[in-house]
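Undergrad: One file: work.cif (mmCIF, C-alpha atoms).
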data_start
loop_
_atom_site.label_atom_id
_atom_site.label_comp_id
_atom_site.auth_asym_id
_atom_site.auth_seq_id
_atom_site.Cartn_x
_atom_site.Cartn_y
_atom_site.Cartn_z
CA MET L 1 9.94 20.49 13.58
CA LEU L 2 11.61 22.16 16.59
CA GLY L 3 8.56 24.01 17.87
CA GLU L 4 7.88 27.72 18.26
CA SER L 5 10.15 28.06 21.32
CA ALA L 6 13.27 26.71 19.57
CA GLN L 7 16.50 28.67 19.86
CA SER L 8 18.01 30.29 16.77
CA MET L 9 21.13 28.13 17.12
CA ASP L 10 19.02 24.97 17.04
CA LYS L 11 17.24 26.25 13.94
CA GLN L 12 20.55 26.91 12.18
CA MET L 13 21.81 23.43 13.05
CA LEU L 14 18.63 21.84 11.70
CA ARG L 15 18.80 23.88 8.50
CA ARG L 16 22.40 22.72 8.07
CA GLU L 17 21.43 19.07 8.61
CA LEU L 18 18.61 19.34 6.05
CA GLY L 19 20.81 21.17 3.55
CA LEU L 20 18.55 24.23 3.55
CA ASP L 21 21.44 26.61 4.20
CA LYS L 22 22.77 26.05 0.67
CA PRO L 23 21.67 27.97 -2.47
CA ILE L 24 18.46 26.70 -4.06
CA VAL L 25 20.25 25.74 -7.29
CA TYR L 26 22.67 23.56 -5.34
CA GLN L 27 19.81 21.97 -3.44
CA TYR L 28 18.08 21.12 -6.72
CA LEU L 29 21.23 19.65 -8.29
CA ASP L 30 21.81 17.62 -5.14
CA PHE L 31 18.23 16.34 -5.36
CA LEU L 32 18.73 15.26 -8.99
CA LYS L 33 22.01 13.56 -8.10
CA LYS L 34 20.33 11.54 -5.35
CA LEU L 35 17.34 10.84 -7.60
CA SER L 36 19.61 9.27 -10.24
CA ARG L 37 20.63 6.74 -7.58
CA GLY L 38 17.05 6.08 -6.53
CA ASN L 39 17.40 8.13 -3.37
CA LEU L 40 14.39 10.36 -2.69
CA GLY L 41 15.66 11.45 0.70
CA LYS L 42 14.32 10.76 4.17
CA SER L 43 10.96 11.56 5.63
CA LEU L 44 11.08 14.52 7.99
CA HIS L 45 8.40 12.93 10.15
CA SER L 46 9.47 9.28 10.45
CA GLN L 47 13.13 9.58 9.38
CA GLN L 48 12.60 6.57 7.06
CA PRO L 49 13.66 6.52 3.39
CA VAL L 50 10.96 8.09 1.23
CA LEU L 51 11.23 5.41 -1.45
CA SER L 52 10.61 2.59 1.02
CA LEU L 53 7.54 4.38 2.41
CA ILE L 54 6.16 4.85 -1.09
CA MET L 55 6.84 1.26 -2.15
CA LYS L 56 4.90 0.00 0.87
CA LYS L 57 1.82 1.98 -0.15
CA TYR L 58 2.06 1.83 -3.95
CA PRO L 59 0.76 -1.77 -4.36
CA ALA L 60 -2.49 -0.83 -2.61
CA THR L 61 -3.01 2.12 -4.96
CA LEU L 62 -2.18 -0.05 -7.98
CA GLU L 63 -4.67 -2.67 -6.79
CA LEU L 64 -7.40 -0.07 -6.39
CA MET L 65 -6.64 1.49 -9.77
CA LEU L 66 -6.79 -1.85 -11.62
CA ALA L 67 -10.03 -2.77 -9.84
CA ALA L 68 -11.54 0.59 -10.84
CA VAL L 69 -10.49 0.12 -14.48
CA LEU L 70 -11.93 -3.41 -14.51
CA THR L 71 -15.17 -2.15 -12.97
CA ALA L 72 -15.43 0.61 -15.56
CA LEU L 73 -14.81 -1.78 -18.46
CA LEU L 74 -17.33 -4.33 -17.18
CA ILE L 75 -19.94 -1.59 -17.10
CA ALA L 76 -19.00 0.40 -20.20
CA LEU L 77 -18.36 -2.30 -22.81
CA PRO L 78 -21.73 -4.13 -22.59
CA LEU L 79 -23.74 -0.91 -22.23
CA GLY L 80 -21.86 0.83 -25.04
CA ILE L 81 -22.40 -2.09 -27.44
CA ILE L 82 -26.09 -2.39 -26.57
CA CYS L 83 -26.63 1.34 -27.03
CA ALA L 84 -24.89 1.25 -30.43
CA LEU L 85 -27.06 -1.66 -31.58
CA LYS L 86 -30.27 -0.06 -30.26
CA GLN L 87 -29.71 3.55 -31.21
CA TYR L 88 -32.20 6.10 -29.86
CA SER L 89 -34.16 3.40 -28.06
CA LEU L 90 -35.34 3.68 -24.46
CA ILE L 91 -32.27 1.72 -23.31
CA ASP L 92 -29.98 4.03 -25.26
CA GLN L 93 -31.54 7.21 -23.90
CA GLY L 94 -31.63 5.88 -20.34
CA THR L 95 -27.98 4.84 -20.50
CA LEU L 96 -26.93 8.25 -21.78
CA VAL L 97 -28.77 9.91 -18.88
CA LEU L 98 -27.08 7.56 -16.39
CA SER L 99 -23.68 8.23 -17.96
CA LEU L 100 -24.28 11.96 -17.55
CA LEU L 101 -25.04 11.39 -13.87
CA GLY L 102 -21.94 9.23 -13.54
CA VAL L 103 -19.70 11.97 -14.90
CA SER L 104 -21.37 14.59 -12.68
CA MET L 105 -21.08 12.70 -9.37
CA PRO L 106 -17.88 13.60 -7.47
CA ASN L 107 -16.04 10.93 -5.51
CA PHE L 108 -16.44 12.71 -2.20
CA TRP L 109 -20.24 12.48 -2.61
CA LEU L 110 -20.58 9.04 -4.19
CA GLY L 111 -18.26 7.31 -1.71
CA PRO L 112 -20.15 8.28 1.47
CA LEU L 113 -23.45 7.53 -0.29
CA LEU L 114 -22.30 3.97 -1.04
CA ILE L 115 -21.08 3.57 2.53
CA ILE L 116 -24.45 4.66 3.93
CA LEU L 117 -26.38 2.33 1.63
CA PHE L 118 -24.31 -0.85 1.45
CA SER L 119 -22.46 -0.69 4.77
CA LEU L 120 -24.62 1.13 7.30
CA LYS L 121 -28.10 0.34 5.98
CA LEU L 122 -27.71 -3.09 4.39
CA GLY L 123 -24.58 -4.25 6.20
CA LEU L 124 -23.29 -6.06 3.12
CA LEU L 125 -19.83 -4.55 2.68
CA PRO L 126 -17.10 -3.26 5.03
CA ILE L 127 -16.78 0.49 5.50
CA SER L 128 -13.03 0.98 5.31
CA GLY L 129 -9.61 -0.64 5.28
CA ARG L 130 -7.86 -3.06 2.96
CA GLY L 131 -8.60 -6.75 3.34
CA GLY L 132 -10.31 -9.20 1.03
CA ILE L 133 -12.27 -8.63 -2.14
CA LEU L 134 -15.20 -7.21 -0.18
CA HIS L 135 -13.08 -4.27 1.00
CA LEU L 136 -12.26 -3.45 -2.63
CA ILE L 137 -15.78 -3.28 -4.04
CA LEU L 138 -16.97 0.10 -2.77
CA PRO L 139 -13.70 1.99 -3.42
CA ALA L 140 -13.46 0.48 -6.92
CA ILE L 141 -17.02 1.49 -7.77
CA THR L 142 -16.49 4.99 -6.38
CA LEU L 143 -13.30 5.48 -8.36
CA GLY L 144 -14.42 3.75 -11.55
CA MET L 145 -17.94 5.14 -11.95
CA SER L 146 -16.88 8.36 -13.65
CA MET L 147 -14.57 6.44 -15.97
CA ALA L 148 -17.38 3.98 -16.78
CA ALA L 149 -19.67 6.86 -17.75
CA ILE L 150 -17.09 8.35 -20.12
CA LEU L 151 -16.18 4.97 -21.65
CA THR L 152 -19.84 4.05 -22.22
CA ARG L 153 -20.34 7.08 -24.44
CA MET L 154 -17.05 6.43 -26.21
CA VAL L 155 -17.80 2.75 -26.88
CA ARG L 156 -21.25 3.69 -28.18
CA SER L 157 -19.83 6.31 -30.54
CA SER L 158 -17.02 4.06 -31.80
CA MET L 159 -19.33 1.09 -32.36
CA MET L 160 -21.81 3.25 -34.27
CA ASP L 161 -19.03 4.28 -36.65
CA VAL L 162 -17.78 0.70 -37.05
CA LEU L 163 -21.24 -0.75 -37.73
CA GLU L 164 -21.47 1.38 -40.87
CA GLU L 165 -18.20 0.07 -42.34
CA ASP L 166 -18.26 -2.15 -45.44
CA TYR L 167 -16.40 -5.05 -43.84
CA MET L 168 -19.13 -5.33 -41.19
CA VAL L 169 -21.79 -5.56 -43.87
CA THR L 170 -19.70 -8.12 -45.74
CA ALA L 171 -19.17 -10.24 -42.63
CA ARG L 172 -22.89 -10.35 -41.95
CA ALA L 173 -23.62 -11.11 -45.61
CA LYS L 174 -21.31 -14.14 -45.41
CA GLY L 175 -23.56 -15.60 -42.76
CA LEU L 176 -21.23 -15.24 -39.77
CA PRO L 177 -22.95 -15.38 -36.39
CA PHE L 178 -24.11 -11.97 -35.26
CA ARG L 179 -22.27 -12.22 -31.93
CA ARG L 180 -19.00 -13.05 -33.69
CA VAL L 181 -19.41 -10.15 -36.11
CA ILE L 182 -20.00 -7.70 -33.27
CA LEU L 183 -17.36 -8.92 -30.83
CA LYS L 184 -14.54 -9.99 -33.14
CA HIS L 185 -14.84 -7.62 -36.08
CA GLY L 186 -16.75 -4.68 -34.62
CA LEU L 187 -15.50 -4.32 -31.06
CA LYS L 188 -11.86 -4.98 -31.91
CA ASN L 189 -11.80 -2.18 -34.46
CA ALA L 190 -13.69 0.16 -32.13
CA LEU L 191 -11.21 -0.24 -29.28
CA ILE L 192 -8.52 2.16 -30.53
CA PRO L 193 -10.24 5.39 -29.37
CA VAL L 194 -11.52 3.57 -26.28
CA LEU L 195 -8.00 2.51 -25.38
CA THR L 196 -6.84 6.12 -25.68
CA ILE L 197 -9.48 7.26 -23.21
CA VAL L 198 -8.58 4.41 -20.85
CA GLY L 199 -4.93 5.47 -20.85
CA LEU L 200 -5.80 9.09 -20.12
CA GLN L 201 -8.35 8.17 -17.46
CA ILE L 202 -5.86 5.97 -15.60
CA GLY L 203 -3.84 9.10 -14.94
CA ALA L 204 -6.99 10.74 -13.60
CA LEU L 205 -7.59 7.67 -11.42
CA LEU L 206 -4.17 8.07 -9.83
CA THR L 207 -5.01 11.60 -8.73
CA GLY L 208 -8.66 10.83 -7.98
CA SER L 209 -7.63 7.96 -5.74
CA ILE L 210 -6.42 10.50 -3.18
CA ILE L 211 -9.99 11.42 -2.23
CA THR L 212 -11.26 7.84 -2.49
CA GLU L 213 -8.47 6.48 -0.32
CA MET L 214 -9.21 9.05 2.36
CA ILE L 215 -12.92 8.23 2.34
CA PHE L 216 -12.40 4.48 2.69
CA ALA L 217 -9.18 4.66 4.76
CA TRP L 218 -7.44 2.76 1.96
CA PRO L 219 -3.72 2.47 2.79
CA GLY L 220 -2.41 3.66 -0.54
CA LEU L 221 -0.25 6.35 -2.07
CA GLY L 222 -3.02 8.95 -2.09
CA ARG L 223 -3.62 8.67 1.63
CA LEU L 224 0.13 8.79 2.22
CA THR L 225 0.30 12.04 0.24
CA ILE L 226 -2.43 13.66 2.33
CA GLN L 227 -0.74 12.55 5.55
CA ALA L 228 2.54 14.01 4.30
CA ILE L 229 0.80 17.33 3.58
CA TYR L 230 -0.70 17.38 7.08
CA THR L 231 2.73 16.87 8.65
CA ARG L 232 4.51 19.16 6.15
CA ASP L 233 6.79 16.29 5.18
CA TYR L 234 8.14 17.93 2.01
CA PRO L 235 10.52 15.16 0.87
CA LEU L 236 7.68 12.65 1.12
CA ILE L 237 5.32 14.96 -0.77
CA GLN L 238 7.92 15.37 -3.54
CA GLY L 239 8.40 11.62 -3.75
CA CYS L 240 4.66 10.89 -3.94
CA VAL L 241 4.07 13.48 -6.67
CA LEU L 242 7.09 12.24 -8.62
CA VAL L 243 5.92 8.62 -8.50
CA VAL L 244 2.43 9.62 -9.66
CA ALA L 245 3.91 11.62 -12.55
CA ILE L 246 6.19 8.75 -13.63
CA SER L 247 3.28 6.32 -13.41
CA TYR L 248 1.21 8.58 -15.64
CA VAL L 249 3.97 8.71 -18.27
CA LEU L 250 4.47 4.92 -18.17
CA VAL L 251 0.74 4.27 -18.54
CA ASN L 252 0.59 6.47 -21.64
CA LEU L 253 3.64 4.68 -23.06
CA LEU L 254 2.01 1.29 -22.49
CA THR L 255 -1.17 2.62 -24.11
CA ASP L 256 0.77 3.55 -27.26
CA LEU L 257 2.38 0.11 -27.33
CA ALA L 258 -1.01 -1.57 -26.89
CA TYR L 259 -2.19 0.00 -30.16
CA THR L 260 0.04 -2.41 -32.09
CA VAL L 261 -1.61 -5.38 -30.39
CA ILE L 262 -5.12 -4.28 -31.33
CA ASP L 263 -4.29 -2.99 -34.83
CA PRO L 264 -1.27 -4.64 -36.56
CA ARG L 265 -1.33 -1.95 -39.25
CA ILE L 266 0.09 0.54 -36.76
CA ARG L 267 3.10 -1.71 -36.23
CA TYR L 268 3.54 -2.08 -40.01
CA ASP L 269 3.48 1.68 -40.56
CA TYR L 270 5.99 2.14 -37.73
CA GLN L 271 8.42 -0.39 -39.25
CA LYS L 272 8.01 1.11 -42.65
#
Show me the file's structure as structure tokens.

TA:
Amino acid sequence: MLGESAQSMDKQMLRRELGLDKPIVYQYLDFLKKLSRGNLGKSLHSQQPVLSLIMKKYPATLELMLAAVLTALLIALPLGIICALKQYSLIDQGTLVLSLLGVSMPNFWLGPLLIILFSLKLGLLPISGRGGILHLILPAITLGMSMAAILTRMVRSSMMDVLEEDYMVTARAKGLPFRRVILKHGLKNALIPVLTIVGLQIGALLTGSIITEMIFAWPGLGRLTIQAIYTRDYPLIQGCVLVVAISYVLVNLLTDLAYTVIDPRIRYDYQK
């Protein structure tokens, strides 16, 4: 912060201002005390409160994460159901191969590939930045493709197990429309393991968004974290990591609560 030619007295004064001259245990207790009041300290680079910097960037990351989850679900649910209904068919085998490719493709390769194709070659979508819905398409696909591949295989497996249940056979024997049997009775009961994977993958999206946000210059929390690392802004790095960790815990809590919405029996067992 002071440069290589700084005097030792200036260094001591700066260490005193930052609280680095105190024992590490005291520094940690002081950090926890400030954290309990919502104070994450000040940025060493901009001298602004860390929490305010994070809150300015967090909505963009949340927007990208939700768009990626929606993209993954729109791809995975139809493909997973079709593959379960047409087991070992050409569609099923082709989808499994594509899902394997989706899991294998890293974000730092898929993102530039989409930019070259849809932005530079075809000129259909913007390259970077945050604006309208068009700016969100490529980052959401880049971030959600791996999740879509995993969910497709999970939906297929869950639906295959559900289709063999007695209540599915009974529903079809009663003459209910095939679409209603699949969507209302089959898919609803197959969503429990799928929901678990979604909750876990959202945590992976929060960390994976760092690379995606850098590729597309998306002004989110991931890009802020990288910038803080470049400038060695340690309070800002701590704040970003802490917010990501808390978000991960909250997402898993909401996932557990969502089980009771899909399957009322879980709520009954809990009350009992």

Undergrad: Please expand the PyMOL selection byres ((chain L and resi 251) around 12) into the concrete residues it hits in this file, giving the result as a list in words.

TA: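 With the shown file as input, the PyMOL selection byres ((chain L and resi 251) around 12) matches Leu62, Met65, Leu66, Leu195, Thr196, Ile197, Val198, Gly199, Leu200, Gln201, Ile202, Gly203, Ala204, Leu205, Leu206, Val244, Ala245, Ile246, Ser247, Tyr248, Val249, Leu250, Asn252, Leu253, Leu254, Thr255, Asp256, Leu257 and Ala258 of chain L.
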
Undergrad: Which residues fall under the PyMOL selection byres ((chain L and resi 69-78) around 7) in this file, as a list in words?

TA: Met65, Leu66, Ala67, Ala68, Leu79, Gly80, Ile81, Ile82, Ala140, Ile141, Gly144, Met145, Met147, Ala148, Ala149, Leu151, Thr152 and Val155 of chain L

Undergrad: Residues near stretch 31-33 of chain L, anyone? I mean within 12 Å using all atoms listed in the file, not counting same-chain ones fewer than 6 positions away, as a count of residues only.

TA: 12

Undergrad: Any idea what the distance is between atom CA of L:Met55 and atom CA of L:Ile237?

TA: 13.9 Å

Undergrad: What's the 7 Å shell around L:Ile150, counting all atoms listed in the file, without same-chain residues fewer than 4 positions away, as a PyMOL selection string?

TA: chain L and resi 99+103+146+154

Undergrad: Which residues, named as in the file, does the PyMOL selection byres ((chain L and resi 172-186) around 10) pick out? Answer as a ChimeraX atom specification.

TA: /L:81,85,158-165,167-171,187-191

Undergrad: For L:Ala228, which residue among L:Leu134, L:Leu96, L:Ile54, L:Met105 is the nearest when counting all atoms listed in the file?

TA: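 Selected residue with least distance to L:Ala228: L:Ile54.
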
Undergrad: So that I can check the surroundings of L:Ile133, please list as a list in words every protein, DNA and RNA residue that reaches within 12 Å of it, counting only C-alpha atoms and ignoring chain neighbours fewer than 5 positions away.

TA: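 In the requested form, the answer reads Glu63, Leu64, Ala67, Leu125, Pro126, Leu138, Pro139 and Ala140 of chain L.
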
Undergrad: What's the separation between atom CA of L:Leu114 and atom CA of L:Arg223, in Å to one decimal place?

TA: 19.4 Å

Undergrad: Report the distance between atom CA of L:Val97 and atom CA of L:Gly111 in Å, rounded to one decimal place.

TA: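 Taking atom CA of L:Val97 and atom CA of L:Gly111, their separation equals 20.3 Å.
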
Undergrad: Closest to L:Met1 among L:His135, L:Lys34, L:Lys56, L:Arg15, using all atoms listed in the file?

TA: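 Of L:His135, L:Lys34, L:Lys56, L:Arg15, the one nearest L:Met1, counting all atoms listed in the file, is L:Arg15.
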
Undergrad: Using all atoms listed in the file, find each residue in stretch 66-156 of chain L having at least one atom no more than 7 Å away from stretch 208-212 of chain L; report its shortest atom-to-atom pair and that distance in Å (one decimal), rows by chain then rising number, as a Markdown table.

TA:
| residue | atom | partner | partner_atom | distance |
| --- | --- | --- | --- | --- |
| L:Asn107 | CA | L:Thr212 | CA | 6.4 |
| L:Phe108 | CA | L:Ile211 | CA | 6.6 |
| L:Pro139 | CA | L:Thr212 | CA | 6.4 |
| L:Leu143 | CA | L:Thr212 | CA | 6.6 |

Undergrad: Return the padded bounding box of stretch 35-38 of chain L as AutoDock Vina command-line options: axis-aligned, built from all atoms listed in the file, 4 Å added on each side, with centre and edge lengths in Å to one decimal.

TA:
--center_x 18.8 --center_y 8.5 --center_z -8.4 --size_x 11.6 --size_y 12.8 --size_z 11.7

Undergrad: Supply stretch 123-156 of chain L as a PDB file, in the frame of the given file, with N, CA and C atoms built in where the input has gaps.

TA:
ATOM      1  N   GLY L 123     -25.584  -3.454   5.513  1.00  0.00           N
ATOM      2  CA  GLY L 123     -24.580  -4.250   6.200  1.00  0.00           C
ATOM      3  C   GLY L 123     -23.936  -5.321   5.334  1.00  0.00           C
ATOM      4  N   LEU L 124     -23.823  -5.064   4.047  1.00  0.00           N
ATOM      5  CA  LEU L 124     -23.290  -6.060   3.120  1.00  0.00           C
ATOM      6  C   LEU L 124     -21.785  -5.966   2.942  1.00  0.00           C
ATOM      7  N   LEU L 125     -21.238  -4.759   3.003  1.00  0.00           N
ATOM      8  CA  LEU L 125     -19.830  -4.550   2.680  1.00  0.00           C
ATOM      9  C   LEU L 125     -19.144  -3.769   3.799  1.00  0.00           C
ATOM     10  N   PRO L 126     -17.842  -3.999   3.995  1.00  0.00           N
ATOM     11  CA  PRO L 126     -17.100  -3.260   5.030  1.00  0.00           C
ATOM     12  C   PRO L 126     -16.973  -1.780   4.666  1.00  0.00           C
ATOM     13  N   ILE L 127     -16.829  -0.962   5.699  1.00  0.00           N
ATOM     14  CA  ILE L 127     -16.780   0.490   5.500  1.00  0.00           C
ATOM     15  C   ILE L 127     -15.410   0.945   4.999  1.00  0.00           C
ATOM     16  N   SER L 128     -14.353   0.436   5.604  1.00  0.00           N
ATOM     17  CA  SER L 128     -13.030   0.980   5.310  1.00  0.00           C
ATOM     18  C   SER L 128     -11.975  -0.103   5.473  1.00  0.00           C
ATOM     19  N   GLY L 129     -10.739   0.262   5.115  1.00  0.00           N
ATOM     20  CA  GLY L 129      -9.610  -0.640   5.280  1.00  0.00           C
ATOM     21  C   GLY L 129      -9.352  -1.474   4.033  1.00  0.00           C
ATOM     22  N   ARG L 130      -8.251  -2.192   4.059  1.00  0.00           N
ATOM     23  CA  ARG L 130      -7.860  -3.060   2.960  1.00  0.00           C
ATOM     24  C   ARG L 130      -7.765  -4.495   3.476  1.00  0.00           C
ATOM     25  N   GLY L 131      -8.587  -5.353   2.933  1.00  0.00           N
ATOM     26  CA  GLY L 131      -8.600  -6.750   3.340  1.00  0.00           C
ATOM     27  C   GLY L 131      -8.835  -7.653   2.148  1.00  0.00           C
ATOM     28  N   GLY L 132      -9.972  -8.331   2.141  1.00  0.00           N
ATOM     29  CA  GLY L 132     -10.310  -9.200   1.030  1.00  0.00           C
ATOM     30  C   GLY L 132     -10.977  -8.454  -0.098  1.00  0.00           C
ATOM     31  N   ILE L 133     -11.622  -9.208  -0.961  1.00  0.00           N
ATOM     32  CA  ILE L 133     -12.270  -8.630  -2.140  1.00  0.00           C
ATOM     33  C   ILE L 133     -13.432  -7.731  -1.744  1.00  0.00           C
ATOM     34  N   LEU L 134     -14.067  -8.015  -0.610  1.00  0.00           N
ATOM     35  CA  LEU L 134     -15.200  -7.210  -0.180  1.00  0.00           C
ATOM     36  C   LEU L 134     -14.779  -5.784   0.154  1.00  0.00           C
ATOM     37  N   HIS L 135     -13.575  -5.614   0.687  1.00  0.00           N
ATOM     38  CA  HIS L 135     -13.080  -4.270   1.000  1.00  0.00           C
ATOM     39  C   HIS L 135     -12.800  -3.451  -0.258  1.00  0.00           C
ATOM     40  N   LEU L 136     -12.653  -4.122  -1.386  1.00  0.00           N
ATOM     41  CA  LEU L 136     -12.260  -3.450  -2.630  1.00  0.00           C
ATOM     42  C   LEU L 136     -13.456  -2.975  -3.444  1.00  0.00           C
ATOM     43  N   ILE L 137     -14.631  -3.532  -3.172  1.00  0.00           N
ATOM     44  CA  ILE L 137     -15.780  -3.280  -4.040  1.00  0.00           C
ATOM     45  C   ILE L 137     -16.212  -1.820  -4.018  1.00  0.00           C
ATOM     46  N   LEU L 138     -16.486  -1.277  -2.853  1.00  0.00           N
ATOM     47  CA  LEU L 138     -16.970   0.100  -2.770  1.00  0.00           C
ATOM     48  C   LEU L 138     -15.951   1.126  -3.264  1.00  0.00           C
ATOM     49  N   PRO L 139     -14.668   1.034  -2.868  1.00  0.00           N
ATOM     50  CA  PRO L 139     -13.700   1.990  -3.420  1.00  0.00           C
ATOM     51  C   PRO L 139     -13.553   1.887  -4.938  1.00  0.00           C
ATOM     52  N   ALA L 140     -13.595   0.657  -5.466  1.00  0.00           N
ATOM     53  CA  ALA L 140     -13.460   0.480  -6.920  1.00  0.00           C
ATOM     54  C   ALA L 140     -14.636   1.084  -7.660  1.00  0.00           C
ATOM     55  N   ILE L 141     -15.840   0.895  -7.136  1.00  0.00           N
ATOM     56  CA  ILE L 141     -17.020   1.490  -7.770  1.00  0.00           C
ATOM     57  C   ILE L 141     -16.958   3.010  -7.697  1.00  0.00           C
ATOM     58  N   THR L 142     -16.581   3.534  -6.545  1.00  0.00           N
ATOM     59  CA  THR L 142     -16.490   4.990  -6.380  1.00  0.00           C
ATOM     60  C   THR L 142     -15.487   5.595  -7.357  1.00  0.00           C
ATOM     61  N   LEU L 143     -14.356   4.950  -7.500  1.00  0.00           N
ATOM     62  CA  LEU L 143     -13.300   5.480  -8.360  1.00  0.00           C
ATOM     63  C   LEU L 143     -13.573   5.228  -9.836  1.00  0.00           C
ATOM     64  N   GLY L 144     -14.235   4.124 -10.154  1.00  0.00           N
ATOM     65  CA  GLY L 144     -14.420   3.750 -11.550  1.00  0.00           C
ATOM     66  C   GLY L 144     -15.705   4.220 -12.183  1.00  0.00           C
ATOM     67  N   MET L 145     -16.643   4.773 -11.393  1.00  0.00           N
ATOM     68  CA  MET L 145     -17.940   5.140 -11.950  1.00  0.00           C
ATOM     69  C   MET L 145     -17.826   6.256 -12.986  1.00  0.00           C
ATOM     70  N   SER L 146     -17.038   7.270 -12.692  1.00  0.00           N
ATOM     71  CA  SER L 146     -16.880   8.360 -13.650  1.00  0.00           C
ATOM     72  C   SER L 146     -16.225   7.869 -14.935  1.00  0.00           C
ATOM     73  N   MET L 147     -15.228   7.008 -14.803  1.00  0.00           N
ATOM     74  CA  MET L 147     -14.570   6.440 -15.970  1.00  0.00           C
ATOM     75  C   MET L 147     -15.541   5.588 -16.776  1.00  0.00           C
ATOM     76  N   ALA L 148     -16.395   4.825 -16.093  1.00  0.00           N
ATOM     77  CA  ALA L 148     -17.380   3.980 -16.780  1.00  0.00           C
ATOM     78  C   ALA L 148     -18.340   4.834 -17.597  1.00  0.00           C
ATOM     79  N   ALA L 149     -18.750   5.983 -17.043  1.00  0.00           N
ATOM     80  CA  ALA L 149     -19.670   6.860 -17.750  1.00  0.00           C
ATOM     81  C   ALA L 149     -19.041   7.403 -19.033  1.00  0.00           C
ATOM     82  N   ILE L 150     -17.781   7.809 -18.938  1.00  0.00           N
ATOM     83  CA  ILE L 150     -17.090   8.350 -20.120  1.00  0.00           C
ATOM     84  C   ILE L 150     -16.881   7.244 -21.165  1.00  0.00           C
ATOM     85  N   LEU L 151     -16.458   6.066 -20.716  1.00  0.00           N
ATOM     86  CA  LEU L 151     -16.180   4.970 -21.650  1.00  0.00           C
ATOM     87  C   LEU L 151     -17.458   4.474 -22.324  1.00  0.00           C
ATOM     88  N   THR L 152     -18.574   4.499 -21.626  1.00  0.00           N
ATOM     89  CA  THR L 152     -19.840   4.050 -22.220  1.00  0.00           C
ATOM     90  C   THR L 152     -20.184   4.894 -23.438  1.00  0.00           C
ATOM     91  N   ARG L 153     -20.052   6.189 -23.306  1.00  0.00           N
ATOM     92  CA  ARG L 153     -20.340   7.080 -24.440  1.00  0.00           C
ATOM     93  C   ARG L 153     -19.323   6.884 -25.559  1.00  0.00           C
ATOM     94  N   MET L 154     -18.063   6.629 -25.193  1.00  0.00           N
ATOM     95  CA  MET L 154     -17.050   6.430 -26.210  1.00  0.00           C
ATOM     96  C   MET L 154     -17.245   5.117 -26.956  1.00  0.00           C
ATOM     97  N   VAL L 155     -17.552   4.037 -26.229  1.00  0.00           N
ATOM     98  CA  VAL L 155     -17.800   2.750 -26.880  1.00  0.00           C
ATOM     99  C   VAL L 155     -19.011   2.847 -27.797  1.00  0.00           C
ATOM    100  N   ARG L 156     -20.043   3.505 -27.350  1.00  0.00           N
ATOM    101  CA  ARG L 156     -21.250   3.690 -28.180  1.00  0.00           C
ATOM    102  C   ARG L 156     -20.915   4.418 -29.474  1.00  0.00           C
TER     103      ARG L 156
END
